[in-house]
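Visitor: My questions all concern the structure below.
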Amino acid sequence: MEVFCFGSGSEGNAFLVRTQRTSILIDAGLAATTLRRLLRSIGVGDHELTAIVVTHEHHDHVRGLAGLLRWQSCPVVTTVGTDAVLRLGSARRLTVRYQHWLEIGDLALYPVPVPHDAREPFGLRLATCHAETALFTDLGTVTDEVLVALSRANLIVLEANHDRDLLWRGPYPDWLKRRIASPAGHLSNDQAAYALAHLSGSPRTIWLAHLSQQNNDPRLALATVRARFGSPCPHQLDVLPQAGMVYRWNFASSQYRLTRDSDQE
């Protein structure tokens, strides 16, 4: 299993999970031409995606979806509620249900319901016979189901959207601050750290995702999580950039690397 992050944050979210036989795009929140270029840069050409999974309908997750479907003939995988909002016309669909495994090629997907202000949103467990990834980029509360997913993953992608103090002291209007901090909004650094502190067993790779440019700082997010683990931190821990870098994780080596977006061309 390989996992690529093309972007994470309000500017656009997109991940690719790949095995020898299957390539699944998780969300299409970047411009379609950008997604097409990034996919080609890692060897996924036109009409070579196995599926596109849409976790929810917000713009930073679907911005490039309609355009990308001009070059990809694969099904769009999402919930009934999200599909009703997307209005994809004649595009091929594949419906998922919460907490039911769906096999696509040699990858198994398990949608986990998340508290977020969208129609029928979900995070994901993605599994092969040898590896598992947990992907949770938009949620306001860490539920027991999310904790179970984190506990079983080799790679964890978890939202750490904001620092509470920076959010409440920041320039956003009060209604938006309340939305972000609500139980159906976005996870704070403290909430992410609390969830990750439940991990036990072997070391994992952890990517902190969906950091706010206005209400967070990568160093602060890392410090908050590391403080929960103590020193030394037993896990490989990093922050995903909004855009401009491509992160790649490979289960076989348990290592990850990053490249500048411009270096991919």
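Chain lettering (A, B, ...) mirrors the order of the structure tokens, residue numbering begins at 1 for each chain separately, and ligand numbering begins at 1 in order of display.
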Once DSSP has gone over the backbone, tell me which residues of stretch 11-220 of chain A are in alpha helix (DSSP H), as a PyMOL selection string.

Guide: chain A and resi 32-41+59-62+65-68+80-86+144-151+164-169+174-181+189-196+218-220

Visitor: If we count only C-alpha atoms and set the cut-off at 12 Å, which residues sit around A:Val239, ignoring sequence neighbours fewer than 6 positions away in its own chain? Please answer as a VMD selection string.

Guide: chain A and resid 5 7 to 9 156 to 161 189 205 to 212 216 to 223 225 245 to 247 258

Visitor: Would you mind reading off the distance between atom CA of A:Leu107 and atom CA of A:Ser90, one decimal, in Å?

Guide: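 Atom CA of A:Ser90 lies at a distance of 25.3 Å from atom CA of A:Leu107.
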
Visitor: Contacts of A:Pro203 at 10 Å or less, counting only C-alpha atoms, minus same-chain residues fewer than 4 places along, as an mmCIF file with C-alpha atoms, in the first residue's frame?

Guide:
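Result file follows (part_20.cif):
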```cif
data_model
loop_
_atom_site.group_PDB
_atom_site.id
_atom_site.type_symbol
_atom_site.label_atom_id
_atom_site.label_comp_id
_atom_site.auth_asym_id
_atom_site.auth_seq_id
_atom_site.Cartn_x
_atom_site.Cartn_y
_atom_site.Cartn_z
ATOM 1 C CA ASN A 154 -0.255 1.741 10.238
ATOM 2 C CA LEU A 155 -0.677 5.216 8.749
ATOM 3 C CA LEU A 199 -2.568 4.638 20.693
ATOM 4 C CA CYS A 233 7.747 10.436 20.632
ATOM 5 C CA PRO A 234 7.318 6.765 19.661
ATOM 6 C CA HIS A 235 5.756 7.572 16.281
ATOM 7 C CA GLN A 236 6.814 9.217 13.021
ATOM 8 C CA SER A 254 7.221 2.156 6.750
#
```

Visitor: Grab the atom CA of A:Leu166 to atom CA of A:Ser10 distance for me, in Å with one decimal place.

Guide: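 Atom CA of A:Leu166 sits 16.9 Å away from atom CA of A:Ser10.
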
Visitor: Neighbours of stretch 25-33 of chain A within 9 Å (only C-alpha atoms; same-chain residues fewer than 2 positions away dropped), as a short mmCIF file (atom, residue, chain, number, x, y, z; two decimals) with N, CA and C atoms, in the first residue's frame?

Guide:
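File written: result01.cif
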```cif
data_model
loop_
_atom_site.label_atom_id
_atom_site.label_comp_id
_atom_site.auth_asym_id
_atom_site.auth_seq_id
_atom_site.Cartn_x
_atom_site.Cartn_y
_atom_site.Cartn_z
N PHE A 6 -1.86 14.96 -1.96
CA PHE A 6 -1.67 16.04 -2.92
C PHE A 6 -2.02 17.40 -2.32
N GLY A 7 -2.80 17.43 -1.27
CA GLY A 7 -3.18 18.67 -0.63
C GLY A 7 -4.07 18.40 0.56
N SER A 8 -3.95 19.23 1.60
CA SER A 8 -4.76 19.04 2.80
C SER A 8 -5.01 20.38 3.45
N SER A 10 -7.99 24.02 3.63
CA SER A 10 -9.10 24.74 3.02
C SER A 10 -8.85 25.05 1.55
N GLU A 11 -7.59 24.99 1.10
CA GLU A 11 -7.29 25.21 -0.32
C GLU A 11 -7.59 23.98 -1.17
N GLY A 12 -7.84 22.84 -0.54
CA GLY A 12 -8.18 21.65 -1.30
C GLY A 12 -7.58 20.39 -0.71
N ASN A 13 -8.37 19.32 -0.71
CA ASN A 13 -7.97 18.04 -0.14
C ASN A 13 -8.00 16.96 -1.20
N ALA A 14 -6.94 16.17 -1.27
CA ALA A 14 -6.90 15.06 -2.21
C ALA A 14 -5.81 14.09 -1.78
N PHE A 15 -6.16 12.81 -1.71
CA PHE A 15 -5.23 11.73 -1.37
C PHE A 15 -5.39 10.62 -2.40
N LEU A 16 -4.32 9.91 -2.65
CA LEU A 16 -4.39 8.73 -3.49
C LEU A 16 -3.88 7.53 -2.70
N VAL A 17 -4.64 6.45 -2.72
CA VAL A 17 -4.22 5.19 -2.10
C VAL A 17 -4.05 4.18 -3.23
N ARG A 18 -2.86 3.55 -3.26
CA ARG A 18 -2.53 2.70 -4.40
C ARG A 18 -1.93 1.37 -3.94
N SER A 23 -6.00 1.85 -7.74
CA SER A 23 -5.66 3.25 -7.45
C SER A 23 -6.94 4.00 -7.15
N LEU A 35 -5.05 18.06 -10.45
CA LEU A 35 -5.18 16.65 -10.09
C LEU A 35 -4.69 15.75 -11.23
N ARG A 36 -5.08 16.09 -12.44
CA ARG A 36 -4.65 15.28 -13.59
C ARG A 36 -3.12 15.26 -13.69
N ARG A 37 -2.51 16.42 -13.52
CA ARG A 37 -1.05 16.50 -13.60
C ARG A 37 -0.38 15.71 -12.49
N LEU A 38 -0.90 15.84 -11.27
CA LEU A 38 -0.30 15.13 -10.14
C LEU A 38 -0.46 13.63 -10.28
N LEU A 49 -7.69 5.50 -12.94
CA LEU A 49 -8.18 5.42 -11.57
C LEU A 49 -9.21 4.30 -11.46
N THR A 50 -9.17 3.59 -10.35
CA THR A 50 -10.17 2.55 -10.10
C THR A 50 -11.45 3.14 -9.56
N ALA A 51 -11.33 4.20 -8.75
CA ALA A 51 -12.51 4.84 -8.14
C ALA A 51 -12.09 6.19 -7.58
N ILE A 52 -13.08 7.06 -7.43
CA ILE A 52 -12.91 8.33 -6.71
C ILE A 52 -13.88 8.31 -5.54
N VAL A 53 -13.36 8.40 -4.33
CA VAL A 53 -14.19 8.41 -3.13
C VAL A 53 -14.39 9.86 -2.69
N VAL A 54 -15.62 10.23 -2.40
CA VAL A 54 -15.93 11.58 -1.92
C VAL A 54 -16.45 11.46 -0.49
N THR A 55 -15.70 12.00 0.47
CA THR A 55 -16.07 11.86 1.88
C THR A 55 -17.21 12.78 2.28
N HIS A 56 -17.33 13.93 1.62
CA HIS A 56 -18.47 14.83 1.82
C HIS A 56 -18.42 15.91 0.76
N HIS A 58 -18.33 19.32 0.69
CA HIS A 58 -17.78 20.66 0.80
C HIS A 58 -16.80 20.94 -0.34
N HIS A 59 -16.72 22.22 -0.70
CA HIS A 59 -15.99 22.62 -1.91
C HIS A 59 -14.53 22.19 -1.89
N ASP A 60 -13.90 22.24 -0.72
CA ASP A 60 -12.48 21.89 -0.65
C ASP A 60 -12.24 20.38 -0.77
N HIS A 61 -13.31 19.62 -1.00
CA HIS A 61 -13.19 18.18 -1.24
C HIS A 61 -13.71 17.77 -2.62
N VAL A 62 -14.43 18.66 -3.29
CA VAL A 62 -15.02 18.28 -4.59
C VAL A 62 -14.75 19.29 -5.70
N ARG A 63 -13.93 20.27 -5.44
CA ARG A 63 -13.71 21.35 -6.42
C ARG A 63 -13.40 20.82 -7.82
N GLY A 64 -12.53 19.82 -7.93
CA GLY A 64 -12.12 19.34 -9.24
C GLY A 64 -12.83 18.09 -9.72
N LEU A 65 -13.86 17.66 -8.99
CA LEU A 65 -14.47 16.37 -9.29
C LEU A 65 -15.09 16.31 -10.68
N ALA A 66 -15.96 17.25 -10.98
CA ALA A 66 -16.66 17.21 -12.28
C ALA A 66 -15.67 17.29 -13.43
N GLY A 67 -14.68 18.15 -13.31
CA GLY A 67 -13.69 18.27 -14.38
C GLY A 67 -12.85 17.02 -14.53
N LEU A 68 -12.46 16.42 -13.42
CA LEU A 68 -11.62 15.22 -13.48
C LEU A 68 -12.35 14.06 -14.15
N LEU A 69 -13.67 14.03 -14.01
CA LEU A 69 -14.43 12.94 -14.62
C LEU A 69 -14.42 12.99 -16.15
#
```

Visitor: Residues within 9 Å of stretch 120-136 of chain A, please, as a VMD selection string. Count only C-alpha atoms; anything in the same chain fewer than 2 positions from it doesn't count.

Guide: chain A and resid 1 3 17 19 54 to 57 78 to 82 98 106 to 118 138 to 139 146 149 to 159 209 251 to 252

Visitor: Based on the selection just made, write C-alpha atoms of those residues as a tab-separated table (two decimals), in the first residue's frame.

Guide:
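Below you can see out-v4.tsv, which holds the result:
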```tsv
chain	number	residue	atom	x	y	z
A	1	MET	CA	0.00	0.00	0.00
A	3	VAL	CA	-0.57	6.70	0.16
A	17	VAL	CA	-4.22	5.19	-2.10
A	19	THR	CA	-1.73	-0.99	-4.48
A	54	VAL	CA	-15.93	11.58	-1.92
A	55	THR	CA	-16.07	11.86	1.88
A	56	HIS	CA	-18.47	14.83	1.82
A	57	GLU	CA	-19.70	17.59	-0.43
A	78	THR	CA	-19.93	8.06	-1.67
A	79	THR	CA	-22.96	7.88	0.60
A	80	VAL	CA	-26.54	8.30	-0.57
A	81	GLY	CA	-26.81	11.63	1.24
A	82	THR	CA	-23.66	13.07	-0.31
A	98	TYR	CA	-21.55	3.48	7.25
A	106	ASP	CA	-7.56	-5.44	-3.70
A	107	LEU	CA	-8.45	-2.58	-1.35
A	108	ALA	CA	-11.19	-2.73	1.28
A	109	LEU	CA	-12.93	0.49	2.38
A	110	TYR	CA	-14.79	0.94	5.64
A	111	PRO	CA	-16.66	4.26	5.99
A	112	VAL	CA	-16.80	5.56	9.55
A	113	PRO	CA	-19.44	8.21	10.37
A	114	VAL	CA	-17.99	11.49	11.62
A	115	PRO	CA	-19.59	14.52	13.30
A	116	HIS	CA	-19.24	17.25	10.67
A	117	ASP	CA	-21.65	19.80	9.24
A	118	ALA	CA	-22.25	18.04	5.95
A	138	ASP	CA	-12.94	16.79	8.78
A	139	LEU	CA	-14.65	16.09	12.10
A	146	VAL	CA	-12.81	6.86	15.16
A	149	ALA	CA	-9.99	3.05	13.36
A	150	LEU	CA	-6.90	4.90	14.60
A	151	SER	CA	-5.87	2.00	16.80
A	152	ARG	CA	-5.73	-0.41	13.85
A	153	ALA	CA	-3.87	1.75	11.33
A	154	ASN	CA	-0.25	1.74	10.24
A	155	LEU	CA	-0.68	5.22	8.75
A	156	ILE	CA	-2.93	7.73	10.50
A	157	VAL	CA	-4.11	10.91	8.78
A	158	LEU	CA	-5.95	12.99	11.39
A	159	GLU	CA	-7.20	16.54	11.42
A	209	ALA	CA	-4.00	17.21	8.42
A	251	PHE	CA	3.95	0.37	3.92
A	252	ALA	CA	6.74	-1.95	2.75
```

Visitor: Quick one: distance from atom CA of A:Val76 to atom CA of A:Ile24 in Å, one decimal?

Guide: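 For atom CA of A:Val76 relative to atom CA of A:Ile24, the distance reads 10.0 Å.
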
Visitor: Give the strand (DSSP E or B) residues of stretch 25-223 of chain A, as assigned by DSSP on the backbone, as number ranges by chain.

Guide: A: 25-26, 51-53, 76-78, 93-95, 102-104, 107-113, 122-127, 132-136, 155-159, 162, 188, 205-209
